>>> print(open('my_file12.pdb').read())   # PDB, C-alpha atoms and all ligand atoms
ATOM      1  CA  MET B  12     100.219  89.327  87.360
ATOM      2  CA  LEU B  13     103.910  90.257  87.748
ATOM      3  CA  ASP B  14     104.211  90.684  84.008
ATOM      4  CA  LYS B  15     101.323  93.160  84.028
ATOM      5  CA  ILE B  16     102.841  95.058  86.947
ATOM      6  CA  ARG B  17     106.172  95.343  85.110
ATOM      7  CA  LYS B  18     104.409  96.546  81.951
ATOM      8  CA  VAL B  19     102.486  99.226  83.866
ATOM      9  CA  GLU B  20     105.739 100.313  85.525
ATOM     10  CA  ARG B  21     107.376 100.614  82.103
ATOM     11  CA  VAL B  22     104.560 102.874  80.912
ATOM     12  CA  PHE B  23     104.972 104.980  84.069
ATOM     13  CA  LYS B  24     108.714 105.264  83.499
ATOM     14  CA  GLN B  25     108.218 106.520  79.972
ATOM     15  CA  LEU B  26     105.523 108.935  81.105
ATOM     16  CA  ASP B  27     107.738 110.300  83.887
ATOM     17  CA  LYS B  28     110.476 111.028  81.349
ATOM     18  CA  GLU B  29     108.019 112.864  79.106
ATOM     19  CA  THR B  30     106.374 114.891  81.890
ATOM     20  CA  GLU B  31     109.771 115.893  83.236
ATOM     21  CA  LYS B  32     110.856 117.063  79.795
ATOM     22  CA  PHE B  33     107.625 118.985  79.300
ATOM     23  CA  GLY B  34     107.950 120.603  82.737
ATOM     24  CA  LYS B  35     111.491 121.752  81.985
ATOM     25  CA  GLU B  36     110.658 123.101  78.533
ATOM     26  CA  SER B  37     107.424 124.821  79.508
ATOM     27  CA  LYS B  38     108.744 126.025  82.904
ATOM     28  CA  LEU B  39     105.396 125.015  84.386
ATOM     29  CA  ARG B  40     105.657 123.528  87.847
ATOM     30  CA  CYS B  41     103.560 122.706  90.870
ATOM     31  CA  LEU B  42     103.253 125.337  93.561
ATOM     32  CA  THR B  43     105.690 124.735  96.431
ATOM     33  CA  ASN B  44     104.343 122.066  98.792
ATOM     34  CA  CYS B  45     101.019 122.010  97.000
ATOM     35  CA  ASN B  46      98.893 118.877  97.344
ATOM     36  CA  LEU B  47      95.502 120.315  96.475
ATOM     37  CA  CYS B  48      94.943 117.966  93.528
ATOM     38  CA  CYS B  49      95.108 114.988  95.916
ATOM     39  CA  PHE B  50      92.384 116.617  98.031
ATOM     40  CA  LYS B  51      90.032 116.936  95.084
ATOM     41  CA  LYS B  52      86.640 115.457  95.859
ATOM     42  CA  GLY B  53      85.484 112.505  93.761
ATOM     43  CA  LEU B  54      88.968 111.542  92.582
ATOM     44  CA  GLU B  55      88.624 108.402  90.464
ATOM     45  CA  ALA B  56      91.173 105.907  89.208
ATOM     46  CA  ASN B  57      91.204 102.445  87.734
ATOM     47  CA  VAL B  58      92.473  99.302  89.404
ATOM     48  CA  LEU B  59      95.309  98.621  86.980
ATOM     49  CA  GLU B  60      97.119 101.887  87.645
ATOM     50  CA  PHE B  61      97.455 100.919  91.311
ATOM     51  CA  LEU B  62      98.870  97.432  90.779
ATOM     52  CA  PRO B  63     102.471  98.671  91.172
ATOM     53  CA  LEU B  64     101.538 100.304  94.485
ATOM     54  CA  ALA B  65      99.744  97.149  95.614
ATOM     55  CA  ASN B  66     102.779  95.069  94.697
ATOM     56  CA  TYR B  67     105.034  97.362  96.722
ATOM     57  CA  LEU B  68     102.692  97.200  99.722
ATOM     58  CA  VAL B  69     102.270  93.414  99.649
ATOM     59  CA  LYS B  70     105.964  92.721  99.137
ATOM     60  CA  ASN B  71     106.819  94.963 102.081
ATOM     61  CA  ASN B  72     104.029  93.595 104.232
ATOM     62  CA  LEU B  73     102.366  97.009 104.416
ATOM     63  CA  HIS B  74      99.125  95.933 102.795
ATOM     64  CA  GLU B  75      97.290  94.921 106.011
ATOM     65  CA  ALA B  76      97.881  98.389 107.467
ATOM     66  CA  ALA B  77      96.683  99.935 104.195
ATOM     67  CA  LEU B  78      93.538  97.779 104.259
ATOM     68  CA  ASP B  79      92.901  98.782 107.890
ATOM     69  CA  LEU B  80      93.179 102.408 106.870
ATOM     70  CA  LEU B  81      90.811 101.835 103.965
ATOM     71  CA  ASP B  82      88.319 100.273 106.396
ATOM     72  CA  THR B  83      88.029 103.648 108.115
ATOM     73  CA  ASN B  84      86.569 105.085 104.877
ATOM     74  CA  PRO B  85      88.889 108.093 104.719
ATOM     75  CA  GLU B  86      87.611 111.056 102.779
ATOM     76  CA  HIS B  87      90.807 111.431 100.757
ATOM     77  CA  CYS B  88      93.354 109.112  99.191
ATOM     78  CA  ILE B  89      94.976 106.952 101.876
ATOM     79  CA  ASN B  90      98.412 107.862 100.545
ATOM     80  CA  LEU B  91      98.080 111.510 101.336
ATOM     81  CA  ALA B  92     100.756 112.119 103.956
ATOM     82  CA  LYS B  93      99.235 113.030 107.275
ATOM     83  CA  THR B  94     102.184 115.025 108.525
ATOM     84  CA  GLN B  95     104.241 117.279 106.341
ATOM     85  CA  VAL B  96     107.898 117.978 106.861
ATOM     86  CA  PRO B  97     108.610 121.719 106.455
ATOM     87  CA  GLY B  98     110.644 122.368 103.342
ATOM     88  CA  GLN B  99     109.833 119.010 101.771
ATOM     89  CA  THR B 100     107.353 118.308  99.040
ATOM     90  CA  ALA B 101     103.965 117.810 100.591
ATOM     91  CA  GLY B 102     101.505 115.235  99.520
ATOM     92  CA  CYS B 103     101.950 111.677  98.445
ATOM     93  CA  SER B 104     103.596 109.268 100.890
ATOM     94  CA  ILE B 105     104.189 106.653  98.174
ATOM     95  CA  TYR B 106     105.222 109.011  95.377
ATOM     96  CA  ASP B 107     107.248 106.430  93.397
ATOM     97  CA  HIS B 108     104.268 104.076  93.269
ATOM     98  CA  ARG B 109     101.468 106.570  92.613
ATOM     99  CA  GLY B 110      98.863 105.936  89.933
ATOM    100  CA  LEU B 111      98.585 107.075  86.335
ATOM    101  CA  ILE B 112      96.170 109.910  87.066
ATOM    102  CA  CYS B 113      98.604 111.241  89.694
ATOM    103  CA  ARG B 114     101.460 111.210  87.176
ATOM    104  CA  LEU B 115      99.504 112.798  84.340
ATOM    105  CA  PHE B 116      97.796 115.656  86.104
ATOM    106  CA  GLY B 117      99.456 118.997  85.564
ATOM    107  CA  PHE B 118     101.938 117.986  82.884
ATOM    108  CA  SER B 119      99.908 116.349  80.138
ATOM    109  CA  ALA B 120      97.332 117.343  77.555
ATOM    110  CA  VAL B 121      93.795 116.519  76.519
ATOM    111  CA  ARG B 122      92.201 117.178  73.139
ATOM    112  CA  ASP B 123      89.062 119.268  72.834
ATOM    113  CA  LYS B 124      86.297 118.511  70.315
ATOM    114  CA  ASN B 125      88.259 120.310  67.588
ATOM    115  CA  ALA B 126      91.333 118.153  68.312
ATOM    116  CA  LYS B 127      93.113 121.153  69.803
ATOM    117  CA  LEU B 128      95.407 120.300  72.721
ATOM    118  CA  ALA B 129      94.989 121.869  76.148
ATOM    119  CA  VAL B 130      97.295 121.464  79.145
ATOM    120  CA  TYR B 131      95.536 119.233  81.680
ATOM    121  CA  THR B 132      96.282 121.197  84.813
ATOM    122  CA  CYS B 133      94.789 123.065  87.746
ATOM    123  CA  SER B 134      93.598 126.638  88.198
ATOM    124  CA  HIS B 135      96.337 127.294  90.776
ATOM    125  CA  MET B 136      99.116 126.555  88.312
ATOM    126  CA  LYS B 137      97.380 128.614  85.610
ATOM    127  CA  ASN B 138      97.068 131.578  88.005
ATOM    128  CA  GLU B 139     100.602 131.315  89.342
ATOM    129  CA  PHE B 140     102.300 130.949  85.959
ATOM    130  CA  PRO B 141      99.957 132.660  83.458
ATOM    131  CA  ALA B 142     102.653 133.535  80.899
ATOM    132  CA  GLU B 143     104.174 130.022  80.949
ATOM    133  CA  TYR B 144     100.735 128.469  80.719
ATOM    134  CA  LYS B 145      99.721 130.645  77.760
ATOM    135  CA  LEU B 146     102.962 129.911  75.936
ATOM    136  CA  ALA B 147     102.676 126.175  76.610
ATOM    137  CA  MET B 148      99.112 126.170  75.221
ATOM    138  CA  GLU B 149     100.422 127.712  72.013
ATOM    139  CA  ARG B 150     103.522 125.568  71.741
ATOM    140  CA  ILE B 151     101.815 122.196  72.302
ATOM    141  CA  ASN B 152      99.631 122.981  69.315
ATOM    142  CA  SER B 153     102.614 123.736  67.139
ATOM    143  CA  GLY B 154     104.837 120.766  67.761
ATOM    144  CA  MET B 155     106.029 120.878  71.372
ATOM    145  CA  ASN B 156     106.001 117.423  72.938
ATOM    146  CA  ILE B 157     103.612 116.781  75.790
ATOM    147  CA  PRO B 158     102.233 113.460  77.066
ATOM    148  CA  ILE B 159      98.666 112.987  75.837
ATOM    149  CA  VAL B 160      96.321 111.656  78.520
ATOM    150  CA  ALA B 161      94.347 109.363  76.195
ATOM    151  CA  ASP B 162      97.514 107.803  74.744
ATOM    152  CA  PHE B 163      98.714 106.676  78.150
ATOM    153  CA  TYR B 164      95.318 105.297  79.118
ATOM    154  CA  TYR B 165      95.314 103.344  75.840
ATOM    155  CA  GLN B 166      98.727 101.947  76.623
ATOM    156  CA  ILE B 167      97.628 100.512  79.940
ATOM    157  CA  TYR B 168      94.284  99.430  78.481
ATOM    158  CA  PHE B 169      96.203  96.989  76.283
ATOM    159  CA  ILE B 170      97.961  95.521  79.321
ATOM    160  CA  ASP B 171      94.665  94.499  80.940
ATOM    161  CA  SER B 172      91.443  95.959  79.572
ATOM    162  CA  SER B 173      89.315  94.645  82.415
ATOM    163  CA  MET B 174      91.319  96.233  85.236
ATOM    164  CA  ALA B 175      91.924  99.364  83.120
ATOM    165  CA  ASN B 176      88.165  99.784  82.721
ATOM    166  CA  ASP B 177      87.432  99.189  86.383
ATOM    167  CA  TYR B 178      86.979 102.801  87.530
ATOM    168  CA  ASN B 179      86.138 103.622  91.139
ATOM    169  CA  PRO B 180      86.788 106.255  93.770
ATOM    170  CA  ILE B 181      90.567 106.183  94.223
ATOM    171  CA  ASN B 182      90.535 104.318  97.556
ATOM    172  CA  VAL B 183      88.239 101.612  96.175
ATOM    173  CA  SER B 184      90.634 101.014  93.276
ATOM    174  CA  ILE B 185      93.577 100.885  95.672
ATOM    175  CA  ARG B 186      91.723  98.310  97.778
ATOM    176  CA  LYS B 187      90.855  96.194  94.742
ATOM    177  CA  ALA B 188      94.462  96.322  93.522
ATOM    178  CA  ILE B 189      95.784  95.270  96.943
ATOM    179  CA  GLU B 190      93.307  92.394  97.146
ATOM    180  CA  LYS B 191      94.239  91.148  93.684
ATOM    181  CA  VAL B 192      97.974  91.267  94.327
ATOM    182  CA  ALA B 193      97.675  89.735  97.823
ATOM    183  CA  TYR B 194      95.549  86.928  96.364
ATOM    184  CA  TYR B 195      98.124  86.389  93.629
ATOM    185  CA  TYR B 196     100.948  85.958  96.147
ATOM    186  CA  ALA B 197      98.800  83.791  98.425
ATOM    187  CA  CYS B 198      98.056  81.393  95.558
ATOM    188  CA  LYS B 199     101.527  81.454  94.031
ATOM    189  CA  PRO B 200     103.219  78.101  94.484
ATOM    190  CA  ALA B 201     106.309  78.279  96.657
ATOM    191  CA  LYS B 202     109.492  78.237  94.594
ATOM    192  CA  LYS B 203     111.073  74.806  94.573
ATOM    193  CA  VAL B 204     114.540  74.715  96.038
ATOM    194  CA  LYS B 205     116.671  72.610  93.735
ATOM    195  CA  ALA B 206     119.651  70.751  95.057
ATOM    196  CA  LYS B 207     122.617  72.054  93.130
ATOM    197  CA  ALA B 208     125.552  69.857  92.272
ATOM    198  CA  ASN B 209     127.531  72.898  91.215
ATOM    199  CA  PRO B 210     127.438  75.851  93.668
ATOM    200  CA  GLN B 211     128.303  78.196  90.776
ATOM    201  CA  GLU B 212     124.873  77.387  89.233
ATOM    202  CA  GLU B 213     123.186  78.776  92.326
ATOM    203  CA  LYS B 214     125.233  81.974  92.131
ATOM    204  CA  ASP B 215     124.309  82.511  88.475
ATOM    205  CA  GLU B 216     120.549  82.012  88.896
TER
HETATM  206  S1  LIG B 301      98.354 108.246  95.233
HETATM  207 FE1  LIG B 301      99.559 109.971  96.000
HETATM  208  S2  LIG B 301      99.582 111.465  94.262
HETATM  209 FE2  LIG B 301      97.893 110.002  93.895
HETATM  210  S3  LIG B 301      96.065 110.984  94.809
HETATM  211 FE3  LIG B 301      96.951 109.613  96.371
HETATM  212  S4  LIG B 301      98.279 110.983  97.588
HETATM  213 FE4  LIG B 301      97.858 112.027  95.651
END
>>> encode(input="my_file12.pdb", output="structure tokens")
Amino acid sequence: MLDKIRKVERVFKQLDKETEKFGKESKLRCLTNCNLCCFKKGLEANVLEFLPLANYLVKNNLHEAALDLLDTNPEHCINLAKTQVPGQTAGCSIYDHRGLICRLFGFSAVRDKNAKLAVYTCSHMKNEFPAEYKLAMERINSGMNIPIVADFYYQIYFIDSSMANDYNPINVSIRKAIEKVAYYYACKPAKKVKAKANPQEEKDE
């Protein structure tokens, strides 16, 4: 389980580097304090992409509160911050642990049936930055680097195909991920404490 979580986190780290680079080069960016994509109805995700979040919640003993919140069947993602601080980025309350879909949207590309790339983004960004959007659409089809949605889904598919194929409404996937990680820790044998003859050994471990 921990190995899979680390692997997913590595994919996220790489993706974050690539989306940041694309954002800088294309000059495309989210609208200030915008969180409309998180409010989208029918948002789906797979279980695997929320393992890192689940691990964070369980390790910090926040998972019971998250499960209680999930029990209320909220309409939107449970991580959507309820209160927004003026001047700060609105939206996700667990930004560092968000899922793959959350990281890809806006700064990645999908291929159409003719294998032509299109920026995978929202109408608000297209309307706000029409010139940047148009230029990015041209440049990504003539060599500009952009993360490709399918490539990143393939990468996590090879970490665990079963969890990567388990698609649900976002809150259902978050619940499943929390349950899996909590179960893992509950069943994990307690680490044996070895008596050390040499205290230096303990320091080096
Ligand atoms: S995890 Fe965060 S970024 Fe992803 S949908 Fe939920 S609130 Fe939005």
>>> closest_residue(input="my_file12.pdb", among="B:Phe169, B:Tyr67, B:Tyr144, B:Tyr106", to="Val19 in chain B", atoms="all atoms listed in the file")
B:Phe169
>>> residues_near_ligand(input="my_file12.pdb", ligand="ligand LIG 301 (chain B)", cutoff="12 Å", atoms="all atoms listed in the file", output="PDB file with C-alpha atoms, in the coordinates of the input")
ATOM      1  CA  CYS B  45     101.019 122.010  97.000  1.00  0.00           C
ATOM      2  CA  ASN B  46      98.893 118.877  97.344  1.00  0.00           C
ATOM      3  CA  LEU B  47      95.502 120.315  96.475  1.00  0.00           C
ATOM      4  CA  CYS B  48      94.943 117.966  93.528  1.00  0.00           C
ATOM      5  CA  CYS B  49      95.108 114.988  95.916  1.00  0.00           C
ATOM      6  CA  PHE B  50      92.384 116.617  98.031  1.00  0.00           C
ATOM      7  CA  LYS B  51      90.032 116.936  95.084  1.00  0.00           C
ATOM      8  CA  LYS B  52      86.640 115.457  95.859  1.00  0.00           C
ATOM      9  CA  GLY B  53      85.484 112.505  93.761  1.00  0.00           C
ATOM     10  CA  LEU B  54      88.968 111.542  92.582  1.00  0.00           C
ATOM     11  CA  GLU B  55      88.624 108.402  90.464  1.00  0.00           C
ATOM     12  CA  ALA B  56      91.173 105.907  89.208  1.00  0.00           C
ATOM     13  CA  ASN B  57      91.204 102.445  87.734  1.00  0.00           C
ATOM     14  CA  GLU B  60      97.119 101.887  87.645  1.00  0.00           C
ATOM     15  CA  PHE B  61      97.455 100.919  91.311  1.00  0.00           C
ATOM     16  CA  LEU B  62      98.870  97.432  90.779  1.00  0.00           C
ATOM     17  CA  PRO B  63     102.471  98.671  91.172  1.00  0.00           C
ATOM     18  CA  LEU B  64     101.538 100.304  94.485  1.00  0.00           C
ATOM     19  CA  ALA B  65      99.744  97.149  95.614  1.00  0.00           C
ATOM     20  CA  PRO B  85      88.889 108.093 104.719  1.00  0.00           C
ATOM     21  CA  GLU B  86      87.611 111.056 102.779  1.00  0.00           C
ATOM     22  CA  HIS B  87      90.807 111.431 100.757  1.00  0.00           C
ATOM     23  CA  CYS B  88      93.354 109.112  99.191  1.00  0.00           C
ATOM     24  CA  ILE B  89      94.976 106.952 101.876  1.00  0.00           C
ATOM     25  CA  ASN B  90      98.412 107.862 100.545  1.00  0.00           C
ATOM     26  CA  LEU B  91      98.080 111.510 101.336  1.00  0.00           C
ATOM     27  CA  ALA B  92     100.756 112.119 103.956  1.00  0.00           C
ATOM     28  CA  LYS B  93      99.235 113.030 107.275  1.00  0.00           C
ATOM     29  CA  THR B 100     107.353 118.308  99.040  1.00  0.00           C
ATOM     30  CA  ALA B 101     103.965 117.810 100.591  1.00  0.00           C
ATOM     31  CA  GLY B 102     101.505 115.235  99.520  1.00  0.00           C
ATOM     32  CA  CYS B 103     101.950 111.677  98.445  1.00  0.00           C
ATOM     33  CA  SER B 104     103.596 109.268 100.890  1.00  0.00           C
ATOM     34  CA  ILE B 105     104.189 106.653  98.174  1.00  0.00           C
ATOM     35  CA  TYR B 106     105.222 109.011  95.377  1.00  0.00           C
ATOM     36  CA  ASP B 107     107.248 106.430  93.397  1.00  0.00           C
ATOM     37  CA  HIS B 108     104.268 104.076  93.269  1.00  0.00           C
ATOM     38  CA  ARG B 109     101.468 106.570  92.613  1.00  0.00           C
ATOM     39  CA  GLY B 110      98.863 105.936  89.933  1.00  0.00           C
ATOM     40  CA  LEU B 111      98.585 107.075  86.335  1.00  0.00           C
ATOM     41  CA  ILE B 112      96.170 109.910  87.066  1.00  0.00           C
ATOM     42  CA  CYS B 113      98.604 111.241  89.694  1.00  0.00           C
ATOM     43  CA  ARG B 114     101.460 111.210  87.176  1.00  0.00           C
ATOM     44  CA  LEU B 115      99.504 112.798  84.340  1.00  0.00           C
ATOM     45  CA  PHE B 116      97.796 115.656  86.104  1.00  0.00           C
ATOM     46  CA  GLY B 117      99.456 118.997  85.564  1.00  0.00           C
ATOM     47  CA  PRO B 180      86.788 106.255  93.770  1.00  0.00           C
ATOM     48  CA  ILE B 181      90.567 106.183  94.223  1.00  0.00           C
ATOM     49  CA  ASN B 182      90.535 104.318  97.556  1.00  0.00           C
ATOM     50  CA  VAL B 183      88.239 101.612  96.175  1.00  0.00           C
ATOM     51  CA  SER B 184      90.634 101.014  93.276  1.00  0.00           C
ATOM     52  CA  ILE B 185      93.577 100.885  95.672  1.00  0.00           C
TER      53      ILE B 185
END
>>> closest_residue(input="my_file12.pdb", among="B:Tyr194, B:Met12, B:Asp162, B:Phe118", to="Phe33 in chain B", atoms="only C-alpha atoms")
B:Phe118
>>> closest_residue(input="my_file12.pdb", among="B:Ala188, B:Ile151, B:Lys32, B:Val69", to="Tyr131 in chain B", atoms="only C-alpha atoms")
B:Ile151
>>> atom_distance(input="my_file12.pdb", atom1="CA of Ile167 in chain B", atom2="CA of Asn152 in chain B")
24.9 Å
>>> atom_distance(input="my_file12.pdb", atom1="CA of Glu29 in chain B", atom2="CA of Ser173 in chain B")
26.3 Å
>>> closest_residue(input="my_file12.pdb", among="B:Arg186, B:Gln166, B:Lys199, B:Glu20", to="Asn84 in chain B", atoms="all atoms listed in the file")
B:Arg186
>>> closest_residue(input="my_file12.pdb", among="B:Asp123, B:Asn44, B:Ser37, B:Ile170", to="Asp14 in chain B", atoms="all atoms listed in the file")
B:Ile170
>>> atom_distance(input="my_file12.pdb", atom1="CA of Leu26 in chain B", atom2="CA of Ala120 in chain B")
12.3 Å
>>> residues_around(input="my_file12.pdb", residues="Lys137 in chain B", least_positions_apart="5", cutoff="12 Å", atoms="all atoms listed in the file", output="number ranges by chain")
B: 38-42, 117-118, 129-132, 142-148
>>> axis_aligned_box(input="my_file12.pdb", around="range 18-22 of chain B", padding_each_side="3 Å", output="AutoDock Vina command-line options")
--center_x 104.9 --center_y 99.7 --center_z 83.2 --size_x 10.9 --size_y 12.3 --size_z 10.6
>>> closest_residue(input="my_file12.pdb", among="B:Ala126, B:Met155, B:Leu59, B:Val192", to="Asn72 in chain B", atoms="all atoms listed in the file")
B:Val192
>>> residues_around(input="my_file12.pdb", residues="Gln25 in chain B", least_positions_apart="5", cutoff="10 Å", atoms="only C-alpha atoms", output="mmCIF file with C-alpha atoms, keeping the file's coordinate frame")
data_model
loop_
_atom_site.group_PDB
_atom_site.id
_atom_site.type_symbol
_atom_site.label_atom_id
_atom_site.label_comp_id
_atom_site.auth_asym_id
_atom_site.auth_seq_id
_atom_site.Cartn_x
_atom_site.Cartn_y
_atom_site.Cartn_z
ATOM 1 C CA GLU B 20 105.739 100.313 85.525
ATOM 2 C CA THR B 30 106.374 114.891 81.890
ATOM 3 C CA PRO B 158 102.233 113.460 77.066
ATOM 4 C CA PHE B 163 98.714 106.676 78.150
#
>>> resolve_selection(input="my_file12.pdb", expression="the PyMOL selection byres (((chain B and resi 177) around 6) and not hetatm)", output="MDAnalysis selection string")
chainID B and resid 57:58 174:176 178
